[in-house]
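Novice: Structure: protein_18.cif, mmCIF, C-alpha atoms.
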```
data_work
#
loop_
_atom_site.label_atom_id
_atom_site.label_comp_id
_atom_site.auth_asym_id
_atom_site.auth_seq_id
_atom_site.Cartn_x
_atom_site.Cartn_y
_atom_site.Cartn_z
CA MET E 1 11.11 -3.64 -22.15
CA ALA E 2 13.11 -0.59 -23.21
CA ALA E 3 11.52 2.79 -23.88
CA SER E 4 11.84 2.26 -27.63
CA ASP E 5 9.87 -0.98 -27.36
CA ALA E 6 6.98 0.83 -25.71
CA ALA E 7 6.59 2.98 -28.80
CA VAL E 8 5.08 -0.01 -30.59
CA CYS E 9 1.93 0.63 -28.57
CA ALA E 10 2.27 4.40 -28.34
CA ALA E 11 -1.33 5.29 -29.17
CA GLN E 12 -3.40 6.29 -26.18
CA HIS E 13 -6.34 4.13 -25.22
CA ASP E 14 -9.34 6.36 -24.53
CA PRO E 15 -12.14 4.35 -22.86
CA GLN E 16 -14.76 7.02 -23.50
CA SER E 17 -14.20 6.80 -27.24
CA GLU E 18 -15.04 3.08 -27.20
CA GLY E 19 -18.42 3.40 -25.55
CA GLN E 20 -17.52 1.66 -22.31
CA ARG E 21 -20.04 1.60 -19.50
CA GLN E 22 -20.69 4.90 -17.82
CA LYS E 23 -19.57 5.88 -14.35
CA PRO E 24 -21.45 3.96 -11.64
CA GLU E 25 -23.13 5.78 -8.81
CA MET E 26 -20.75 6.15 -5.85
CA LYS E 27 -22.76 6.61 -2.66
CA LEU E 28 -21.12 7.62 0.60
CA LEU E 29 -22.23 5.17 3.29
CA ALA E 30 -20.22 6.25 6.32
CA GLN E 31 -17.15 8.21 7.29
CA ARG E 32 -14.78 8.98 10.11
CA PRO E 33 -12.80 12.25 10.25
CA ALA E 34 -9.34 11.58 11.65
CA ARG E 35 -9.46 14.60 13.94
CA CYS E 36 -12.72 13.84 15.69
CA GLU E 37 -10.85 11.46 17.93
CA ALA E 38 -9.58 12.62 21.29
CA PRO E 39 -5.86 13.41 21.09
CA LEU E 40 -3.72 10.45 21.98
CA PRO E 41 -0.65 10.77 24.23
CA PRO E 42 2.41 12.01 22.35
CA PRO E 43 4.51 9.31 20.68
CA LEU E 44 7.46 7.92 22.56
CA ASP E 45 9.75 9.26 19.86
CA ASP E 46 10.37 13.01 19.95
CA ASP E 47 10.89 13.19 16.23
CA LEU E 48 7.37 12.58 14.90
CA GLN E 49 6.88 10.76 11.63
CA THR E 50 3.84 9.30 9.93
CA ALA E 51 2.96 5.64 9.83
CA SER E 52 4.30 5.51 6.30
CA ASP E 53 5.66 8.56 4.55
CA ALA E 54 5.03 11.80 6.43
CA ALA E 55 7.76 14.33 7.05
CA PRO E 56 9.24 14.65 10.54
CA GLY E 57 8.41 17.46 12.92
CA ARG E 58 9.46 18.67 16.35
CA GLY E 59 7.84 20.43 19.29
CA GLN E 60 4.10 20.09 19.66
CA PRO E 61 2.83 17.05 17.75
CA PRO E 62 0.98 17.91 14.53
CA ARG E 63 -2.66 16.99 14.10
CA PRO E 64 -2.98 13.33 13.07
CA PHE E 65 -4.16 12.07 9.71
CA TYR E 66 -4.96 8.67 8.24
CA SER E 67 -2.20 7.21 6.08
CA SER E 68 -3.45 3.75 5.01
CA ALA E 69 -6.45 1.42 5.15
CA GLN E 70 -6.87 -2.32 4.52
CA TRP E 71 -9.79 -4.74 4.55
CA THR E 72 -9.51 -7.84 6.67
CA ALA E 73 -9.82 -11.22 4.96
CA ASP E 74 -13.46 -11.69 5.95
CA GLY E 75 -14.46 -8.21 4.74
CA THR E 76 -15.93 -7.14 8.08
CA THR E 77 -13.23 -4.82 9.38
CA ILE E 78 -10.97 -2.03 8.12
CA ILE E 79 -7.51 -1.69 9.67
CA VAL E 80 -6.42 1.97 9.50
CA ALA E 81 -2.98 3.43 10.23
CA GLY E 82 -2.54 6.98 11.47
CA SER E 83 0.31 9.46 11.35
CA ASP E 84 0.43 9.45 15.17
CA ASN E 85 1.68 5.83 15.20
CA SER E 86 -1.84 4.50 15.81
CA VAL E 87 -3.58 1.46 14.32
CA SER E 88 -7.38 1.47 14.56
CA SER E 89 -9.83 -1.34 13.84
CA PHE E 90 -13.23 -0.36 12.42
CA VAL E 91 -15.88 -3.10 12.33
CA LEU E 92 -18.49 -2.04 9.79
CA PRO E 93 -22.16 -2.14 10.87
CA ALA E 94 -24.05 -5.13 9.51
CA ASP E 95 -26.82 -2.86 8.17
CA LEU E 96 -24.46 -0.41 6.48
CA LEU E 97 -25.75 -1.04 2.96
CA GLN E 98 -29.35 -0.62 4.08
CA SER E 99 -28.78 2.69 5.83
CA ALA E 100 -30.06 5.86 4.15
CA ASP E 101 -27.88 8.16 6.29
CA ALA E 102 -24.85 9.30 4.29
CA ASN E 103 -23.45 11.02 7.38
CA ARG E 104 -23.25 7.85 9.43
CA ARG E 105 -20.23 8.05 11.69
CA LEU E 106 -17.82 5.15 11.92
CA GLU E 107 -16.34 4.38 15.32
CA PRO E 108 -13.15 2.40 15.94
CA GLN E 109 -13.66 -0.66 18.12
CA ALA E 110 -10.02 -0.51 19.23
CA THR E 111 -6.87 1.56 18.76
CA THR E 112 -3.27 0.52 19.38
CA ARG E 113 -0.42 2.94 19.84
CA LEU E 114 2.82 1.65 18.30
CA PRO E 115 6.18 2.45 19.91
CA GLU E 116 7.65 3.88 16.70
CA PRO E 117 6.58 4.86 13.18
CA THR E 118 5.84 2.01 10.78
CA GLN E 119 5.70 1.53 7.04
CA VAL E 120 4.16 -1.94 7.15
CA ILE E 121 0.94 -3.35 8.60
CA VAL E 122 -0.71 -6.53 7.32
CA PRO E 123 -3.82 -8.26 8.74
CA ALA E 124 -3.95 -12.03 9.17
CA PRO E 125 -4.99 -13.82 5.95
CA TYR E 126 -7.45 -15.89 8.02
CA PHE E 127 -8.95 -12.94 9.96
CA SER E 128 -12.54 -13.64 11.06
CA LEU E 129 -14.85 -11.91 13.50
CA ALA E 130 -16.19 -15.35 14.41
CA GLU E 131 -12.81 -16.47 15.77
CA ALA E 132 -11.04 -14.26 18.31
CA THR E 133 -7.65 -15.94 17.88
CA SER E 134 -7.63 -15.03 14.18
CA GLN E 135 -8.07 -11.29 14.77
CA THR E 136 -4.43 -10.25 14.47
CA TYR E 137 -2.08 -8.20 12.35
CA LEU E 138 1.67 -7.99 11.85
CA VAL E 139 3.49 -4.68 12.09
CA GLY E 140 7.10 -3.67 11.67
CA CYS E 141 8.52 -0.63 13.48
CA ARG E 142 12.02 0.76 13.38
CA ASP E 143 14.34 -0.22 16.27
CA HIS E 144 12.01 -3.05 17.32
CA PRO E 145 11.32 -6.67 16.39
CA LEU E 146 8.37 -7.41 14.16
CA HIS E 147 5.24 -7.53 16.32
CA LEU E 148 2.06 -9.59 16.16
CA HIS E 149 -0.84 -7.64 17.69
CA HIS E 150 -4.47 -8.41 18.42
CA ALA E 151 -6.79 -6.14 16.47
CA PHE E 152 -9.03 -5.51 19.49
CA PRO E 153 -6.81 -4.98 22.54
CA ARG E 154 -8.21 -3.86 25.87
CA HIS E 155 -5.99 -0.78 26.04
CA GLU E 156 -3.97 1.39 23.65
CA ARG E 157 -0.50 0.14 24.53
CA PRO E 158 -0.84 -3.66 24.70
CA ASN E 159 2.02 -6.11 24.80
CA PRO E 160 2.41 -7.88 21.45
CA LEU E 161 1.19 -11.45 21.12
CA GLY E 162 4.49 -12.39 19.51
CA THR E 163 7.79 -10.86 18.41
CA TYR E 164 10.09 -11.79 15.54
CA LYS E 165 13.71 -10.69 15.62
CA LEU E 166 15.16 -9.03 12.52
CA VAL E 167 18.73 -7.89 13.17
CA ARG E 168 22.09 -7.68 11.46
CA LYS E 169 24.25 -10.52 12.70
CA GLU E 170 27.40 -8.42 12.60
CA THR E 171 26.11 -5.59 14.80
CA GLU E 172 22.87 -6.88 16.40
CA ALA E 173 21.25 -3.66 15.18
CA TYR E 174 17.58 -3.89 14.29
CA ILE E 175 16.71 -3.85 10.59
CA THR E 176 13.79 -1.61 9.68
CA PRO E 177 11.07 -3.55 7.81
CA ALA E 178 9.91 -1.83 4.62
CA SER E 179 7.35 -4.35 3.30
CA LEU E 180 5.43 -7.44 4.43
CA ILE E 181 3.26 -10.14 2.88
CA TRP E 182 1.34 -12.74 4.86
CA GLN E 183 -0.23 -15.31 2.57
CA HIS E 184 -2.92 -17.89 3.24
CA PRO E 185 -2.84 -20.27 5.08
CA GLY E 186 -0.87 -17.88 7.29
CA THR E 187 1.82 -20.16 8.71
CA HIS E 188 4.66 -18.03 7.32
CA PHE E 189 5.29 -14.43 6.29
CA LEU E 190 7.89 -12.56 4.24
CA CYS E 191 9.58 -9.27 5.11
CA GLY E 192 11.45 -6.93 2.78
CA SER E 193 14.15 -4.50 3.89
CA ALA E 194 17.44 -3.07 2.62
CA ASN E 195 18.95 -5.55 0.13
CA ARG E 196 17.24 -8.62 1.61
CA LEU E 197 14.12 -10.72 2.03
CA ASP E 198 13.46 -12.64 5.24
CA TYR E 199 11.10 -15.60 5.55
CA PHE E 200 9.58 -16.24 8.99
CA ASP E 201 7.65 -19.07 10.63
CA LEU E 202 4.72 -17.46 12.47
CA SER E 203 4.78 -20.12 15.20
CA ARG E 204 8.41 -19.39 16.09
CA HIS E 205 7.95 -16.04 17.78
CA GLY E 206 10.69 -15.01 20.15
CA SER E 207 13.16 -17.20 18.24
CA ASP E 208 16.54 -16.25 16.86
CA GLY E 209 15.20 -14.88 13.61
CA PRO E 210 13.96 -15.84 10.15
CA LEU E 211 13.98 -19.34 8.71
CA LEU E 212 15.55 -18.05 5.52
CA THR E 213 17.29 -14.86 4.41
CA VAL E 214 17.52 -14.13 0.69
CA PRO E 215 19.95 -11.35 -0.25
CA THR E 216 18.60 -9.39 -3.20
CA ILE E 217 22.13 -8.51 -4.20
CA PRO E 218 24.75 -11.29 -4.10
CA SER E 219 27.75 -9.29 -2.92
CA ARG E 220 27.33 -8.11 0.67
CA ARG E 221 30.89 -6.82 0.95
CA HIS E 222 30.79 -4.90 -2.33
CA ILE E 223 27.16 -3.89 -2.22
CA SER E 224 27.53 -1.13 -4.82
CA LYS E 225 28.53 -3.67 -7.44
CA GLY E 226 26.64 -6.81 -6.58
CA SER E 227 28.59 -8.73 -9.23
CA GLY E 228 26.23 -7.29 -11.83
CA VAL E 229 23.36 -9.47 -10.60
CA GLY E 230 20.40 -8.77 -8.37
CA MET E 231 18.92 -5.50 -7.24
CA LYS E 232 20.39 -3.05 -4.79
CA GLY E 233 18.05 -1.04 -2.59
CA THR E 234 15.32 -1.20 0.02
CA VAL E 235 12.58 -3.68 -0.85
CA ALA E 236 9.64 -1.36 -0.24
CA ALA E 237 6.98 -3.39 -2.06
CA LEU E 238 6.04 -7.07 -1.97
CA ALA E 239 3.13 -8.93 -3.53
CA ALA E 240 2.36 -12.63 -4.02
CA SER E 241 0.62 -13.83 -7.16
CA PRO E 242 -2.60 -15.86 -6.93
CA TYR E 243 -1.90 -19.55 -6.36
CA ASP E 244 -1.67 -21.57 -9.57
CA ALA E 245 -3.15 -25.03 -10.16
CA ASN E 246 -0.13 -26.62 -8.49
CA GLY E 247 -0.29 -24.40 -5.42
CA GLY E 248 2.63 -22.27 -6.54
CA SER E 249 2.94 -18.52 -6.11
CA ILE E 250 5.48 -15.98 -7.36
CA VAL E 251 6.60 -13.11 -5.13
CA ALA E 252 7.19 -9.76 -6.82
CA ALA E 253 9.55 -7.36 -5.06
CA GLY E 254 10.11 -3.69 -5.89
CA THR E 255 12.73 -1.29 -4.54
CA TRP E 256 13.08 2.42 -3.98
CA THR E 257 15.92 2.26 -6.52
CA ARG E 258 13.37 1.29 -9.22
CA TRP E 259 14.28 -2.38 -9.55
CA MET E 260 11.91 -5.33 -9.81
CA GLY E 261 12.56 -8.94 -8.86
CA LEU E 262 10.53 -12.16 -9.08
CA TYR E 263 11.05 -14.97 -6.55
CA ASP E 264 9.68 -18.51 -6.28
CA LEU E 265 10.56 -19.19 -2.66
CA GLN E 266 8.74 -22.53 -2.61
CA ARG E 267 11.28 -23.90 -5.06
CA THR E 268 14.47 -21.84 -4.74
CA ASP E 269 16.07 -19.02 -2.81
CA LYS E 270 17.48 -17.62 -6.06
CA VAL E 271 15.88 -14.81 -8.01
CA VAL E 272 13.79 -15.87 -11.02
CA ALA E 273 14.05 -12.55 -12.85
CA ASN E 274 15.38 -9.05 -12.28
CA TRP E 275 14.88 -5.86 -14.28
CA SER E 276 15.18 -2.13 -13.86
CA ILE E 277 12.22 0.11 -14.67
CA SER E 278 14.37 3.26 -14.74
CA HIS E 279 14.26 3.59 -18.52
CA ALA E 280 11.17 1.55 -19.32
CA GLY E 281 8.89 3.93 -21.12
CA ASP E 282 9.92 7.02 -19.14
CA ALA E 283 9.67 9.29 -22.14
CA GLU E 284 6.57 7.90 -23.84
CA ALA E 285 4.54 6.81 -20.81
CA GLY E 286 5.50 9.44 -18.26
CA LEU E 287 6.86 6.79 -15.87
CA GLY E 288 9.63 8.91 -14.42
CA GLY E 289 8.93 7.95 -10.81
CA GLN E 290 11.14 8.18 -7.74
CA GLY E 291 10.94 4.68 -6.32
CA ILE E 292 8.53 1.75 -6.18
CA VAL E 293 6.16 1.82 -3.20
CA GLN E 294 3.62 -0.84 -4.24
CA VAL E 295 3.29 -3.80 -6.58
CA VAL E 296 -0.06 -5.50 -7.22
CA TRP E 297 -0.79 -8.66 -9.19
CA SER E 298 -3.78 -8.83 -11.48
CA PRO E 299 -6.48 -11.29 -10.34
CA CYS E 300 -5.40 -13.67 -13.11
CA GLY E 301 -1.73 -13.55 -12.09
CA ARG E 302 -0.51 -12.56 -15.55
CA TYR E 303 0.03 -8.83 -15.08
CA LEU E 304 1.81 -6.72 -12.49
CA VAL E 305 0.88 -3.13 -11.64
CA VAL E 306 3.82 -1.06 -10.40
CA ASN E 307 3.05 2.02 -8.30
CA GLU E 308 5.79 4.62 -7.78
CA ARG E 309 6.20 7.85 -5.88
CA HIS E 310 6.08 11.15 -7.72
CA THR E 311 4.66 9.95 -11.05
CA SER E 312 1.44 10.52 -12.97
CA SER E 313 1.20 6.95 -14.29
CA LEU E 314 0.99 3.37 -13.06
CA ALA E 315 3.08 0.88 -15.04
CA VAL E 316 1.57 -2.44 -16.17
CA TYR E 317 3.91 -5.35 -16.95
CA ASP E 318 3.13 -8.63 -18.68
CA ILE E 319 4.92 -11.17 -16.51
CA ARG E 320 4.59 -13.93 -19.12
CA GLY E 321 7.15 -11.90 -21.03
CA LEU E 322 9.40 -11.72 -17.93
CA GLY E 323 9.00 -8.03 -17.34
CA GLN E 324 7.68 -6.75 -20.66
CA LEU E 325 6.13 -3.31 -20.27
CA LEU E 326 2.58 -3.54 -21.57
CA GLY E 327 1.58 0.06 -20.99
CA ALA E 328 0.80 2.74 -18.45
CA LEU E 329 -2.32 3.98 -16.72
CA SER E 330 -2.11 7.74 -17.06
CA GLY E 331 -3.96 10.75 -15.71
CA ARG E 332 -3.28 10.57 -11.98
CA GLU E 333 -1.97 13.65 -10.19
CA SER E 334 0.83 12.47 -7.91
CA ILE E 335 3.77 14.81 -7.40
CA THR E 336 4.20 13.76 -3.79
CA GLN E 337 6.49 11.47 -1.84
CA GLN E 338 3.48 10.05 0.00
CA THR E 339 2.30 6.57 -0.91
CA LEU E 340 -1.01 6.66 -2.78
CA ALA E 341 -1.90 2.97 -2.78
CA CYS E 342 -4.04 1.37 -5.49
CA ASP E 343 -6.14 -1.79 -5.70
CA VAL E 344 -7.29 -4.19 -8.43
CA PHE E 345 -10.52 -6.04 -9.14
CA HIS E 346 -11.43 -8.66 -11.72
CA GLY E 347 -13.41 -7.57 -14.76
CA ASP E 348 -16.88 -8.76 -15.68
CA MET E 349 -17.76 -12.44 -15.34
CA SER E 350 -18.59 -12.96 -19.03
CA GLY E 351 -15.14 -13.98 -20.15
CA ASN E 352 -13.50 -10.56 -20.16
CA THR E 353 -9.83 -11.11 -19.40
CA GLY E 354 -9.22 -7.51 -18.41
CA PHE E 355 -9.28 -6.20 -14.86
CA GLU E 356 -9.88 -2.90 -13.08
CA VAL E 357 -7.36 -0.67 -11.30
CA TRP E 358 -8.55 1.84 -8.69
CA ALA E 359 -6.12 4.50 -7.47
CA GLY E 360 -6.33 7.66 -5.41
CA SER E 361 -4.83 10.95 -6.51
CA GLN E 362 -3.09 13.82 -4.81
CA ASP E 363 -6.08 16.12 -5.39
CA GLY E 364 -8.50 13.81 -3.55
CA SER E 365 -10.06 12.13 -6.57
CA VAL E 366 -10.15 8.38 -7.20
CA LEU E 367 -9.52 7.15 -10.75
CA VAL E 368 -10.64 3.85 -12.26
CA TRP E 369 -9.15 2.16 -15.33
CA GLU E 370 -11.18 -0.68 -16.84
CA ASP E 371 -10.13 -3.53 -19.14
CA VAL E 372 -6.51 -3.27 -18.05
CA GLY E 373 -4.43 -5.91 -19.78
CA MET E 374 -6.48 -5.80 -22.98
CA HIS E 375 -4.70 -2.78 -24.45
CA CYS E 376 -1.09 -1.67 -24.71
CA GLY E 377 0.28 1.85 -24.55
CA LEU E 378 -1.14 4.70 -22.52
CA ALA E 379 -4.62 4.30 -21.07
CA LYS E 380 -6.72 7.17 -19.76
CA PRO E 381 -9.01 6.66 -16.76
CA SER E 382 -12.41 5.18 -17.58
CA TRP E 383 -14.05 7.34 -14.91
CA HIS E 384 -13.36 9.03 -11.60
CA TRP E 385 -15.05 10.71 -8.66
CA GLN E 386 -14.05 13.29 -6.07
CA ALA E 387 -13.77 11.32 -2.84
CA HIS E 388 -11.75 13.70 -0.66
CA ASP E 389 -10.08 17.11 -0.54
CA SER E 390 -6.58 15.84 0.23
CA PRO E 391 -4.32 13.03 -1.04
CA VAL E 392 -5.99 9.61 -1.05
CA GLY E 393 -3.51 7.34 0.71
CA SER E 394 -5.50 4.14 0.16
CA THR E 395 -8.27 2.94 -2.12
CA VAL E 396 -9.35 -0.61 -1.25
CA LEU E 397 -12.16 -2.70 -2.69
CA HIS E 398 -14.27 -5.19 -0.78
CA THR E 399 -14.10 -8.70 -2.23
CA SER E 400 -17.78 -8.42 -3.19
CA GLY E 401 -16.98 -5.56 -5.56
CA SER E 402 -19.92 -3.55 -4.27
CA VAL E 403 -18.14 -1.53 -1.57
CA ALA E 404 -14.95 0.52 -1.53
CA ALA E 405 -13.08 2.24 1.28
CA THR E 406 -10.83 5.28 0.93
CA CYS E 407 -8.71 7.20 3.40
CA SER E 408 -7.15 10.61 2.96
CA GLY E 409 -4.74 12.97 4.61
CA GLY E 410 -1.21 14.17 4.24
CA TRP E 411 1.19 17.03 4.31
CA GLU E 412 2.72 19.51 1.95
CA HIS E 413 5.81 21.67 2.10
CA ALA E 414 5.04 24.86 4.00
CA PRO E 415 6.06 28.33 2.82
CA ASP E 416 9.03 29.67 4.75
CA HIS E 417 6.99 32.36 6.53
CA LEU E 418 4.59 29.74 7.95
CA ILE E 419 7.12 27.32 9.38
CA GLY E 420 6.52 27.12 13.10
CA GLY E 421 3.57 29.49 12.91
CA ASP E 422 -0.15 29.24 13.41
CA VAL E 423 -1.79 28.58 10.06
CA GLY E 424 -5.31 27.91 11.24
CA ILE E 425 -7.32 25.25 12.99
CA GLY E 426 -6.24 21.78 12.00
CA ARG E 427 -3.12 23.00 10.22
CA GLY E 428 0.35 23.40 11.55
CA ALA E 429 3.78 23.80 10.03
CA HIS E 430 6.35 21.45 11.53
CA GLY E 431 9.86 20.92 10.25
CA GLY E 432 9.06 22.56 6.91
CA SER E 433 5.86 20.58 6.27
CA MET E 434 2.22 21.52 6.78
CA ILE E 435 -0.53 19.07 7.69
CA LEU E 436 -3.50 19.34 5.33
CA ASP E 437 -6.93 20.14 6.74
CA GLU E 438 -8.93 17.17 5.49
CA SER E 439 -8.32 13.61 6.63
CA SER E 440 -10.97 10.94 6.83
CA LEU E 441 -11.92 7.31 6.31
CA LYS E 442 -14.89 6.87 3.98
CA VAL E 443 -16.89 3.82 2.91
CA TRP E 444 -18.72 3.89 -0.44
CA SER E 445 -21.25 1.70 -2.19
CA ILE E 446 -20.64 1.05 -5.88
CA GLY E 447 -23.96 1.24 -7.70
CA ALA E 448 -25.01 0.28 -11.19
CA ALA E 449 -23.68 2.26 -14.14
CA GLY E 450 -25.61 5.37 -14.98
#
```
As structure tokens, how would this structure be written, given the file I've shared?
Specialist:
Amino acid sequence: MAASDAAVCAAQHDPQSEGQRQKPEMKLLAQRPARCEAPLPPPLDDDLQTASDAAPGRGQPPRPFYSSAQWTADGTTIIVAGSDNSVSSFVLPADLLQSADANRRLEPQATTRLPEPTQVIVPAPYFSLAEATSQTYLVGCRDHPLHLHHAFPRHERPNPLGTYKLVRKETEAYITPASLIWQHPGTHFLCGSANRLDYFDLSRHGSDGPLLTVPTIPSRRHISKGSGVGMKGTVAALAASPYDANGGSIVAAGTWTRWMGLYDLQRTDKVVANWSISHAGDAEAGLGGQGIVQVVWSPCGRYLVVNERHTSSLAVYDIRGLGQLLGALSGRESITQQTLACDVFHGDMSGNTGFEVWAGSQDGSVLVWEDVGMHCGLAKPSWHWQAHDSPVGSTVLHTSGSVAATCSGGWEHAPDHLIGGDVGIGRGAHGGSMILDESSLKVWSIGAAG
């Protein structure tokens, strides 16, 4: 929908003015500071980068910070990525909700050091602590095949359980994965990269490559034109809709060039719909972002939340209208190139068709919008709480709805006089960026409304 169309719903939705439920009690259950861990050996690559978005640095490696967190399918474990190319698995204590100690320290059961920085890690959709063979995750690093790793290896540099080649046929050069989805039942997975989607069979590791490659722009030779169809750019965000009654699912793809595409790969390798969000509500909704980094389907599969870099709002699209902009979730501070990932949760069980969106902010707060999908136009946060003192890279909800996990950490541009200098314990300026002091993984209980 064009910016002028968004003006139809221009009035802001203020939850507080409608007497919605008050902020629930958020209780800290346990935490893990990123820098309490013993320093790991320096990465194999001399030019350090984060696991997702951090700026490069040279010389002595900067202090590590957590960049992303994800729940496993069974809700027992949190998979956490670090800026030092590490992936740690935290199994939560069984008595966590009964503990009265807010300072309980989480300990990783295993840590894997990746050979290169990564932007994509996804746990198995059938992950279970009761079945050792299910405890895996996929990861994509630059200059390497896609790797399948066990979540609990015996040492920090294990050999992968499987590898999946992703190369350009013309040059044999590795393609850097930018996004991954691994849907239940877990037999196949989909990878997004520059101008293409690749569909893999999990059982065919070590093979010649993907089962299917779907160019997101038809013209490979004249990529700047693309015959006026498709979307040019790196596919940095992928999400699969909930399965419908017929077992079908739509894949949403978003690019750094601010394009969206919908794909039904079970029926066709052609795009179902394409649209640009570059002018959709930029003026009215404050959606002037700098590239899509995440797309999330609503639990009902009708709406799509689009998360961009460097914007104060999350866009909400009604997919029944093939990309109609419904509104924007405003009020989030995010003037950073780091990914601040959000999560969704279904609304109440009494027939409410709305859903909740939880998103971290650059200032360390977490914002919650309720009844999303029931109002158009701008929506202010329903409530928020101060979870951290640095950017919240991930906010993820347990499937029970009673527990949330957040991780924080990041960098900021350093003043010229500090570059290369000593700026205090836990801080260091490297390559024009400065690592922020606070970085931690925290687990919260979500209590009843006050």
Novice: What gap, in Å, lies between atom CA of His184 of chain E and atom CA of Ala245 of chain E?
Specialist: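 Here the two named atoms are 15.2 Å from each other.
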Novice: Since I can't run it myself right now, could you work out what the PyMOL selection byres ((chain E and resi 384) around 6) selects here and report it as a ChimeraX atom specification?
Specialist: /E:366-368,383,385
Novice: Do you know which residues are at most 10 Å from Gln386 of chain E counting only C-alpha atoms, after dropping those on the same chain fewer than 5 positions away, and could you put them as a list in words?
Specialist: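 Those residues are Met26, Gly360, Ser361, Asp363, Gly364, Ser365, Val366 and Leu367 of chain E.
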Novice: Report as a Markdown table the residues of segment 70-153 of chain E within 12 Å of segment 230-241 of chain E, each with its shortest atom pair and distance in Å (one decimal), using all atoms listed in the file, ordered by chain and increasing residue number.
Specialist:
```
| residue | atom | partner | partner_atom | distance |
| --- | --- | --- | --- | --- |
| E:Gln119 | CA | E:Ala236 | CA | 8.8 |
| E:Val120 | CA | E:Ala236 | CA | 9.2 |
| E:Val122 | CA | E:Leu238 | CA | 11.5 |
```
Novice: For a quick check of your reading of the model, name the residues lying within 12 Å of the coordinate (-8.4, -12.5, 17.5), counting all atoms listed in the file, and write them as a count of residues only.
Specialist: 23
Novice: Using all atoms listed in the file, determine which residues lie at most 10 Å from Ala341 of chain E, disregarding the query and same-chain residues fewer than 4 positions distant; provide the list as JSON, numbers by chain.
Specialist: {"E": [67, 68, 69, 293, 294, 295, 296, 307, 308, 309, 358, 359, 360, 361, 392, 393, 394, 395, 396, 406]}
Novice: Which residue gives the smallest distance to Ile335 of chain E among E:His375, E:Arg267, E:Lys165, E:His413, with only C-alpha atoms counted?
Specialist: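 Residue with the minimum atom-to-atom distance to Ile335 of chain E: E:His413.
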Novice: Residues picked by the PyMOL selection byres ((chain E and resi 447) around 8) here, as a list in words?
Specialist: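 Evaluating the PyMOL selection byres ((chain E and resi 447) around 8) on these coordinates yields Pro24, Glu25, Met26, Lys27, Ser402, Ser445, Ile446, Ala448 and Ala449 of chain E.
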Novice: One number please: atom CA of Ala405 of chain E to atom CA of Leu96 of chain E, in Å, one decimal.
Specialist: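 Rounded to one decimal, the two atoms are 12.8 Å apart.
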Novice: Which one is closest to Pro210 of chain E: E:Asn246, E:Gln183, E:Thr163, E:Thr268? Count all atoms listed in the file.
Specialist: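 Looking only at the distances to Pro210 of chain E, the closest residue turns out to be E:Thr163.
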Novice: Separation of atom CA of Gly186 of chain E and atom CA of Ile250 of chain E, in Å?
Specialist: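 Rounded to one decimal, the two atoms are 16.1 Å apart.
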Novice: What's around Leu211 of chain E at 12 Å? Count only C-alpha atoms, leave out sequence neighbours fewer than 3 positions away in its own chain, and write the answer as a list in words.
Specialist: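 So the residues in contact are Tyr164, Lys165, Leu166, His188, Phe189, Leu190, Cys191, Leu197, Asp198, Tyr199, Phe200, Asp201, Leu202, Ser203, Arg204, His205, Ser207, Asp208, Val214, Leu265 and Asp269 of chain E.
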Novice: Compare E:Gly247, E:Pro62, E:Val91, E:Ile277 by their minimum atom-to-atom distance to Thr76 of chain E, counting all atoms listed in the file, and give me the closest one.
Specialist: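 The closest residue to Thr76 of chain E is E:Val91.
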Novice: Starting from the incomplete input, reconstruct N, CA and C atoms of segment 85-93 of chain E and report them as a PDB file, in the coordinates of the input.
Specialist:
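For reference, selection-v7.pdb as written:
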```pdb
ATOM      1  N   ASN E  85       1.240   7.178  14.844  1.00  0.00           N
ATOM      2  CA  ASN E  85       1.680   5.830  15.200  1.00  0.00           C
ATOM      3  C   ASN E  85       0.538   4.976  15.765  1.00  0.00           C
ATOM      4  N   SER E  86      -0.679   5.262  15.349  1.00  0.00           N
ATOM      5  CA  SER E  86      -1.840   4.500  15.810  1.00  0.00           C
ATOM      6  C   SER E  86      -2.291   3.515  14.746  1.00  0.00           C
ATOM      7  N   VAL E  87      -2.917   2.429  15.197  1.00  0.00           N
ATOM      8  CA  VAL E  87      -3.580   1.460  14.320  1.00  0.00           C
ATOM      9  C   VAL E  87      -4.974   1.245  14.892  1.00  0.00           C
ATOM     10  N   SER E  88      -5.998   1.566  14.100  1.00  0.00           N
ATOM     11  CA  SER E  88      -7.380   1.470  14.560  1.00  0.00           C
ATOM     12  C   SER E  88      -8.132   0.410  13.773  1.00  0.00           C
ATOM     13  N   SER E  89      -9.016  -0.292  14.460  1.00  0.00           N
ATOM     14  CA  SER E  89      -9.830  -1.340  13.840  1.00  0.00           C
ATOM     15  C   SER E  89     -11.289  -0.887  13.813  1.00  0.00           C
ATOM     16  N   PHE E  90     -11.844  -0.773  12.606  1.00  0.00           N
ATOM     17  CA  PHE E  90     -13.230  -0.360  12.420  1.00  0.00           C
ATOM     18  C   PHE E  90     -14.048  -1.555  11.932  1.00  0.00           C
ATOM     19  N   VAL E  91     -14.951  -2.051  12.755  1.00  0.00           N
ATOM     20  CA  VAL E  91     -15.880  -3.100  12.330  1.00  0.00           C
ATOM     21  C   VAL E  91     -17.094  -2.409  11.723  1.00  0.00           C
ATOM     22  N   LEU E  92     -17.391  -2.717  10.467  1.00  0.00           N
ATOM     23  CA  LEU E  92     -18.490  -2.040   9.790  1.00  0.00           C
ATOM     24  C   LEU E  92     -19.840  -2.567  10.280  1.00  0.00           C
ATOM     25  N   PRO E  93     -20.828  -1.693  10.442  1.00  0.00           N
ATOM     26  CA  PRO E  93     -22.160  -2.140  10.870  1.00  0.00           C
ATOM     27  C   PRO E  93     -22.757  -3.119   9.875  1.00  0.00           C
TER      28      PRO E  93
END
```
